Amino acid sequence: MGFMDKMRSVVGGVPPELLASGTLARGEVVSVQMTGMSVSHGNQVTSQKQVCNVTLNVIMDNTPPFQATVKQGIPVLLIPQMSTGSAVVAVRVNPANHQEVAIDFDSDPPTVTLASGGPNTGSAAELLATGTAARAIIIQSEPLGVRNQAGVDMYALGVTILCEGFAPYQTQVGNPVPPSGLPLLYPGSNLPAKVRPGQQGQVIIDWEAAVAQATGGVPS
């Protein structure tokens with residue numbers, strides 16, 4: 001590491017080549033820890049940066065998610081937003097070394113395709129085929145900025161589950177939602193689902209049945 005590289009690492013600088021040619025990915029902010037150091041260019045508040053250690057869950061196209069920590073100067077005005085526990089930022093990743101990561105404040109977080117071959121591969125189809133029939137009442141929904149291997153956008157869903165023989169319960173899940181299902185993502189929407197009662201998060205919406213019911217194809 002040369003002298004300039006050492007200085008850059010101390011003050012939270014980002015290698016220009018990483019920002020210029022690194023692979024664009026999504027970074028879910030896990031934590032932001034201020035180091036007590038600051039840098040500024042000029043006297044305006046908007047130019048002031050606090051050097052922080054930022055831990056990220058990084059999601060790249062067709063790559064298992066991984067965690068990385070970057071030391072970088074963060075604009076002071078952005079620190080509260082990044083410390084909410086749900087912030088997502090664009091990052092640049094060295095494809096040859098996934099621990100070389102930098103936050104790219106000039107880009108929007110991309111939509112990425114989740115990797116195949118993980119431990120949950122096939123679990124959604126299996127749950128849909130073998131799970132217990134239930135109703136899922138939508139509480140809230142939010143796009144996750146990722147898509148599955150079939151190219152369907154994933155959504156975070158807060159739902160109330162009604163399953164015969166079990167007490168109602170609430171849970172949060174990540175489900176693929178086809179374009180035909182998007183009009184049904186409103187609070188209070190009552191959708192057919194398959195679940196494993198007693199296992200939080202084991203919920204899959206049956207979108208084929210949901211769309212058919214909404215259009216009169218199948219009685220509810």
# chains A, B, ... in the order shown; residues from 1 in each chain; ligands from 1
$ residues_around --residues "region 78-83 of chain A" --least-positions-apart "3" --cutoff "9 Å" --atoms "only C-alpha atoms" --output "ChimeraX atom specification"
/A:29-32,50,74-75,86-89
$ residues_around --residues "region 92-107 of chain A" --least-positions-apart "3" --cutoff "7 Å" --atoms "only C-alpha atoms" --output "list of chain:residue names"
A:Val14, A:Leu18, A:Leu19, A:Gly22, A:Thr23, A:Leu24, A:Ala25, A:Ala68, A:Val70, A:Val89
$ residues_around --residues "Gly158 (chain A)" --least-positions-apart "6" --cutoff "7 Å" --atoms "only C-alpha atoms" --output "ChimeraX atom specification"
/A:138-141,171-173
$ write_last_selection --atoms "N, CA and C atoms" --output "compact mmCIF listing (two decimals), in the first residue's frame"
# COMPACT_ATOMS: atom_id res chain seq x y z
N ILE A 138 -53.10 -8.60 4.03
CA ILE A 138 -51.99 -7.66 3.87
C ILE A 138 -52.10 -6.51 4.87
N ILE A 139 -51.01 -6.29 5.61
CA ILE A 139 -50.92 -5.13 6.51
C ILE A 139 -50.15 -4.02 5.81
N GLN A 140 -49.02 -4.39 5.23
CA GLN A 140 -48.20 -3.42 4.50
C GLN A 140 -47.32 -4.18 3.52
N SER A 141 -46.80 -3.48 2.53
CA SER A 141 -45.92 -4.09 1.54
C SER A 141 -44.90 -3.07 1.08
N THR A 171 -46.88 -11.88 10.83
CA THR A 171 -45.50 -12.18 10.51
C THR A 171 -45.07 -11.32 9.33
N GLN A 172 -43.78 -11.30 9.07
CA GLN A 172 -43.22 -10.58 7.92
C GLN A 172 -42.50 -11.58 7.03
N VAL A 173 -42.72 -11.46 5.73
CA VAL A 173 -42.14 -12.41 4.79
C VAL A 173 -41.64 -11.67 3.55
$ closest_residue --among "A:Leu77, A:Ala210, A:Ala136, A:Val58" --to "Pro110 (chain A)" --atoms "only C-alpha atoms"
A:Val58
$ atom_distance --atom1 "CA of Thr130 (chain A)" --atom2 "CA of Gly174 (chain A)"
18.5 Å
$ closest_residue --among "A:Pro143, A:Gly27, A:Pro65, A:Pro15" --to "Asn175 (chain A)" --atoms "only C-alpha atoms"
A:Pro143
$ residues_around --residues "Gly145 (chain A)" --least-positions-apart "4" --cutoff "9 Å" --atoms "only C-alpha atoms" --output "JSON, numbers by chain"
{"A": [26, 109, 110, 111, 112, 113, 153, 154, 155]}
$ residues_around --residues "Gln199 (chain A)" --least-positions-apart "3" --cutoff "12 Å" --atoms "only C-alpha atoms" --output "VMD selection string"
chain A and resid 127 131 to 132 161 166 169 to 173 194 to 196 202 to 203
$ residues_around --residues "Pro192 (chain A)" --least-positions-apart "3" --cutoff "8 Å" --atoms "only C-alpha atoms" --output "PyMOL selection string"
chain A and resi 133-136+205-207+209-210
$ write_last_selection --atoms "N, CA and C atoms" --output "PDB file, in the first residue's frame"
ATOM      1  N   ALA A 133     -53.337 -24.706   3.835  1.00  0.00           N
ATOM      2  CA  ALA A 133     -54.105 -23.600   3.261  1.00  0.00           C
ATOM      3  C   ALA A 133     -54.458 -22.579   4.336  1.00  0.00           C
ATOM      4  N   ALA A 134     -54.364 -21.313   3.991  1.00  0.00           N
ATOM      5  CA  ALA A 134     -54.648 -20.228   4.939  1.00  0.00           C
ATOM      6  C   ALA A 134     -55.059 -18.994   4.158  1.00  0.00           C
ATOM      7  N   ARG A 135     -55.384 -17.943   4.884  1.00  0.00           N
ATOM      8  CA  ARG A 135     -55.627 -16.623   4.290  1.00  0.00           C
ATOM      9  C   ARG A 135     -54.596 -15.665   4.860  1.00  0.00           C
ATOM     10  N   ALA A 136     -54.052 -14.833   3.991  1.00  0.00           N
ATOM     11  CA  ALA A 136     -53.064 -13.825   4.398  1.00  0.00           C
ATOM     12  C   ALA A 136     -53.670 -12.446   4.175  1.00  0.00           C
ATOM     13  N   ILE A 205     -47.777 -16.553  -0.727  1.00  0.00           N
ATOM     14  CA  ILE A 205     -49.064 -16.175  -1.320  1.00  0.00           C
ATOM     15  C   ILE A 205     -49.277 -17.001  -2.588  1.00  0.00           C
ATOM     16  N   ASP A 206     -50.478 -17.545  -2.761  1.00  0.00           N
ATOM     17  CA  ASP A 206     -50.832 -18.268  -3.979  1.00  0.00           C
ATOM     18  C   ASP A 206     -51.382 -17.250  -4.968  1.00  0.00           C
ATOM     19  N   TRP A 207     -50.485 -16.660  -5.758  1.00  0.00           N
ATOM     20  CA  TRP A 207     -50.896 -15.557  -6.628  1.00  0.00           C
ATOM     21  C   TRP A 207     -51.806 -16.012  -7.758  1.00  0.00           C
ATOM     22  N   ALA A 209     -54.117 -18.323  -7.607  1.00  0.00           N
ATOM     23  CA  ALA A 209     -55.460 -18.388  -7.047  1.00  0.00           C
ATOM     24  C   ALA A 209     -55.975 -17.004  -6.683  1.00  0.00           C
ATOM     25  N   ALA A 210     -55.085 -16.136  -6.157  1.00  0.00           N
ATOM     26  CA  ALA A 210     -55.500 -14.792  -5.750  1.00  0.00           C
ATOM     27  C   ALA A 210     -56.007 -13.986  -6.928  1.00  0.00           C
TER      28      ALA A 210
END
$ select_by_dssp --residues "region 83-180 of chain A" --states "strand (DSSP E)" --output "VMD selection string"
chain A and resid 88 to 94 97 to 103 112 to 113 132 to 147 153 to 162 169 to 176
$ closest_residue --among "A:Gln33, A:Thr63, A:Thr69, A:Thr215" --to "Val146 (chain A)" --atoms "only C-alpha atoms"
A:Thr63
$ select_by_dssp --residues "region 31-176 of chain A" --states "helix (DSSP H, G or I)" --output "list in words"
Val45, Thr46, Ser47, Val76, Leu77, Leu78, Ile79, Pro80, Gln81, Met82, Ser123, Ala124, Ala125, Glu126, Leu127, Leu128, Ala129 and Thr130 of chain A
$ closest_residue --among "A:Ala156, A:Thr55, A:Ala124, A:Met34" --to "Val91 (chain A)" --atoms "only C-alpha atoms"
A:Thr55
$ closest_residue --among "A:Ala212, A:Val177, A:Val54, A:Leu114" --to "Leu157 (chain A)" --atoms "only C-alpha atoms"
A:Val177
$ atom_distance --atom1 "CA of Gln200 (chain A)" --atom2 "CA of Gly165 (chain A)"
16.4 Å
